[in-house]
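Trainee: Below is one structure. I have some questions about it.
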Amino acid sequence: MIRAAVVLILLVAAVVGGLTLAGEPGEASVTWLGWRADMTAAAAILIALTFGLFVAMVWRTILWILEAPHRAERARADARRRQANDILARGFLAVAAGDGSEALRQSKKAGETASEVPALVRVLAAQAAEAAGDVAQARAAYTAMLGFPEMRLAGHKGLMQLAISQGARETALRHAQEAYGEKRTARWAWRAILESKLEAGDWDGGLELVKSALDRKIVPPVVAERARAALLAASAAQLEHAPEPRARNLAKDHALEAAKLQPGFAPGVVMAARLLAQDNKMGRAAAAIESAWRVGPHPALWLAYRDLRTDETPRERANRVGLLAAVNPAHRESLFLYVEQALIIGDATAARAAARALEGEPVTARIAGLMARAAYAAGAVDEARVWLARGMSAPPEPDWSDLDPEGRAFAYHASDWARLVITFAESGELIHPRHERRERTLRELPDLPIAYAGSGPILSEPVLYPVDEDYDDPGTAGRGRAPGG
């Protein structure tokens, strides 16, 4: 309105100015009720404009007076809305802080003032009851949410979590299944159902669930692909030891499909290579491992590759190890293979040269063991002894410790596979349950005959201090002696 008036005034001023500058002011005559007024055209325009603005101001004043009650009502509604938002904010902050009593107090106030946002009021009431430890009230609040289509997912999730906290796993699963059955569902429901199937060892059911989630776009394709690969490998591990030949063939098919889906998933590739080797398909087994090595080298892969043939000379085995390393030559695992290749044929100089590429790596038990072997092969007994001493206190490598002491990789229980499927599907990470359980694994430090040589001490001459034989130092209690000590 104001902008329109300003534009009109400027337009009239321009017309009046134009008439004045042209020297033709013009004439205007008005006759009304016997009265006659003669004036210039510019004056008539200005008078008409002034009258129009006066009428508009009077009209706006009348409207402003008439709208006063509505403005007051809107002001009160805005004040109530700000108060409700403030109460809701304080309530949710109290829930986040774990202050149950304050959260309950704010939720009651929100129920009185925030009637315009009933969904938030119900969520606050449920979470406040949980924070206060009132399970019955929390369950009632979440149950009330089920009556509203837009709140059913939140209600089922809250009820599922309450059931889990009370150990009612069947009830929790039922709520997850009902949530997954909604037209618009969430990923948490899919994961809860998947975990229940994995816990029961239902790998086929897990595969169907993953396909359903992918079709409904609940999970992205990369997560579904990783989950399928891990589930197929878990199914193959279960079927591999079945007495029926058909089950073993199905295990091989599952392992091959897992290796095809995710070449970097070492358990599936190792299993596929082992089953192919048992059928004397060495070429396909080697190709599967080489493809996996190109994507994601893993220690279990090269051990499986090494064991494909048992009737070859050391040089032939070294050549095969070198071929595998050349598939991905810059990778850390390939650097290990180059050292192993030289040690197999007894080339101490080449082993030492290859080991130098690992000097910049953080020292682990595996690196220390490899360095000790290379040093011992070159005749540096004291250096090998130093590497063994460092390896005793160095951390192990999880990628190495998942191997069975008898050479069998990924000898996992069904519960291990269940955890592996979930972790690998969502993060692409390969967990190592054997390492986590601290089970006996492959020894990373070699058993080398490195008794003290006469060439000199390990590091420096020891400094001897007199010790009271009757004194028992608590700081050394239970501590083992150093070799030769």
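Numbering starts fresh at 1 for the residues of each chain in the structure tokens, the chains themselves are lettered A, B, ... in the order given, and ligands are numbered from 1 as they appear.
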When you look at stretch 92-99 of chain A with a cut-off of 10 Å (counting only C-alpha atoms), what residues show up, excluding the ones that are within fewer than 6 positions of it in the same chain? I need them as a ChimeraX atom specification.

Mentor: /A:105-107,120,123-125,127-132

Trainee: Store the residues picked out above, limited to C-alpha atoms, as a JSON list (two decimals), in the first residue's frame.

Mentor:
[["chain", "number", "residue", "atom", "x", "y", "z"],
["A", 105, "ARG", "CA", 7.12, -31.39, 35.12],
["A", 106, "GLN", "CA", 7.75, -29.76, 31.76],
["A", 107, "SER", "CA", 5.78, -32.44, 29.91],
["A", 120, "LEU", "CA", 5.73, -33.38, 20.25],
["A", 123, "VAL", "CA", 6.97, -37.78, 22.46],
["A", 124, "LEU", "CA", 8.07, -35.59, 25.37],
["A", 125, "ALA", "CA", 5.69, -37.35, 27.75],
["A", 127, "GLN", "CA", 10.68, -39.77, 26.95],
["A", 128, "ALA", "CA", 10.17, -37.91, 30.22],
["A", 129, "ALA", "CA", 8.59, -41.02, 31.76],
["A", 130, "GLU", "CA", 11.55, -43.08, 30.55],
["A", 131, "ALA", "CA", 14.01, -40.58, 32.01],
["A", 132, "ALA", "CA", 12.14, -40.73, 35.31]]

Trainee: Need the shell around A:Ile344: protein/DNA/RNA residues with any atom at most 7 Å away, counting only C-alpha atoms. Skip same-chain ones fewer than 4 positions apart. Format as a PDB file with N, CA and C atoms, in the first residue's frame?

Mentor:
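Now in selection07.pdb:
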ATOM      1  N   PRO A 314      60.473 -75.258  -3.433  1.00  0.00           N
ATOM      2  CA  PRO A 314      60.481 -73.924  -2.830  1.00  0.00           C
ATOM      3  C   PRO A 314      60.530 -72.802  -3.863  1.00  0.00           C
ATOM      4  N   ALA A 318      57.842 -69.908  -4.335  1.00  0.00           N
ATOM      5  CA  ALA A 318      58.246 -68.500  -4.264  1.00  0.00           C
ATOM      6  C   ALA A 318      57.770 -67.739  -5.499  1.00  0.00           C
ATOM      7  N   GLU A 340      58.487 -62.774   2.295  1.00  0.00           N
ATOM      8  CA  GLU A 340      58.244 -64.218   2.365  1.00  0.00           C
ATOM      9  C   GLU A 340      58.804 -64.926   1.131  1.00  0.00           C
TER      10      GLU A 340
END

Trainee: Which of these, A:Ala234, A:Pro446, A:Ala330, A:Ala350, has the shortest distance to A:His413 once you count only C-alpha atoms?

Mentor: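 For A:His413, the nearest of the candidates is A:Ala234.
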
Trainee: My list of candidates is A:Asp215, A:Asp202, A:Ala136, A:Val421. Which is closest to A:Gly268 when distances are computed with only C-alpha atoms?

Mentor: A:Val421

Trainee: Separation of atom CA of A:Pro267 and atom CA of A:Asn319, in Å?

Mentor: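 So the two atoms, atom CA of A:Pro267 and atom CA of A:Asn319, lie 24.7 Å apart.
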
Trainee: A:Arg284: which residues within 8 Å, counting only C-alpha atoms, same-chain residues fewer than 4 positions away excluded, as a list of chain:residue names?

Mentor: A:Ala273, A:Leu276, A:Ala288

Trainee: Once you have the residues from the selection above, write them out as a PDB file, in the first residue's frame, restricted to N, CA and C atoms.

Mentor:
ATOM      1  N   ALA A 273      37.712 -70.502  -2.613  1.00  0.00           N
ATOM      2  CA  ALA A 273      38.958 -71.088  -3.117  1.00  0.00           C
ATOM      3  C   ALA A 273      39.175 -72.482  -2.534  1.00  0.00           C
ATOM      4  N   LEU A 276      36.726 -74.886  -4.249  1.00  0.00           N
ATOM      5  CA  LEU A 276      37.142 -75.137  -5.632  1.00  0.00           C
ATOM      6  C   LEU A 276      38.372 -76.043  -5.670  1.00  0.00           C
ATOM      7  N   ALA A 288      40.231 -66.554  -8.240  1.00  0.00           N
ATOM      8  CA  ALA A 288      39.380 -65.905  -7.236  1.00  0.00           C
ATOM      9  C   ALA A 288      40.228 -65.170  -6.203  1.00  0.00           C
TER      10      ALA A 288
END

Trainee: Could you tell me, as a PyMOL selection string, which residues of stretch 165-200 of chain A DSSP assigns to helix (DSSP H, G or I) when given the backbone?

Mentor: chain A and resi 165+169-180+187-199

Trainee: Would you list the contacts of stretch 298-311 of chain A as a ChimeraX atom specification, taking every protein, DNA or RNA residue within 10 Å and counting only C-alpha atoms, but skipping same-chain residues closer than 5 positions in sequence?

Mentor: /A:264-267,269-271,273-274,276-278,280-283,285-290,292-293,316-318,320-321,324-325,332-334,336-337,399-404,407-410

Trainee: For A:Ile87, list every protein, DNA or RNA residue within 8 Å, evaluated using only C-alpha atoms, and leave out those in the same chain fewer than 2 positions away; present the list as a compact mmCIF listing (two decimals) with C-alpha atoms, in the first residue's frame.

Mentor:
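What landed in part_21.txt:
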# COMPACT_ATOMS: atom_id res chain seq x y z
CA GLN A 83 5.69 -20.19 25.68
CA ALA A 84 4.84 -23.71 24.41
CA ASN A 85 8.02 -23.88 22.37
CA ALA A 89 12.63 -27.07 24.61
CA ARG A 90 13.19 -27.18 28.38
CA GLY A 91 11.49 -30.57 28.55
CA GLN A 106 7.75 -29.76 31.76
CA SER A 107 5.78 -32.44 29.91
CA LYS A 109 3.01 -28.03 31.37
CA ALA A 110 3.45 -28.80 27.66

Trainee: Write out as a PyMOL selection string each polymer residue whose atoms come within 9 Å of A:Lys252, counting only C-alpha atoms; drop sequence neighbours fewer than 6 positions from it.

Mentor: chain A and resi 236+239-240+271-272+275-276

Trainee: Okay, now the selection with N, CA and C atoms, as a compact mmCIF listing (two decimals), in the first residue's frame?

Mentor:
# COMPACT_ATOMS: atom_id res chain seq x y z
N ALA A 236 27.39 -70.69 3.52
CA ALA A 236 28.35 -71.65 2.99
C ALA A 236 29.13 -72.32 4.11
N LEU A 239 26.86 -74.97 5.54
CA LEU A 239 26.57 -76.09 4.65
C LEU A 239 27.81 -76.89 4.30
N GLU A 240 28.99 -76.31 4.46
CA GLU A 240 30.23 -76.98 4.04
C GLU A 240 30.43 -78.31 4.73
N MET A 271 36.83 -69.26 1.42
CA MET A 271 35.96 -70.43 1.41
C MET A 271 35.73 -70.92 -0.02
N ALA A 272 35.50 -69.98 -0.95
CA ALA A 272 35.29 -70.37 -2.34
C ALA A 272 36.54 -71.04 -2.91
N LEU A 275 36.87 -74.63 -1.48
CA LEU A 275 35.92 -75.58 -2.06
C LEU A 275 36.25 -75.89 -3.52
N LEU A 276 36.73 -74.89 -4.25
CA LEU A 276 37.14 -75.14 -5.63
C LEU A 276 38.37 -76.04 -5.67
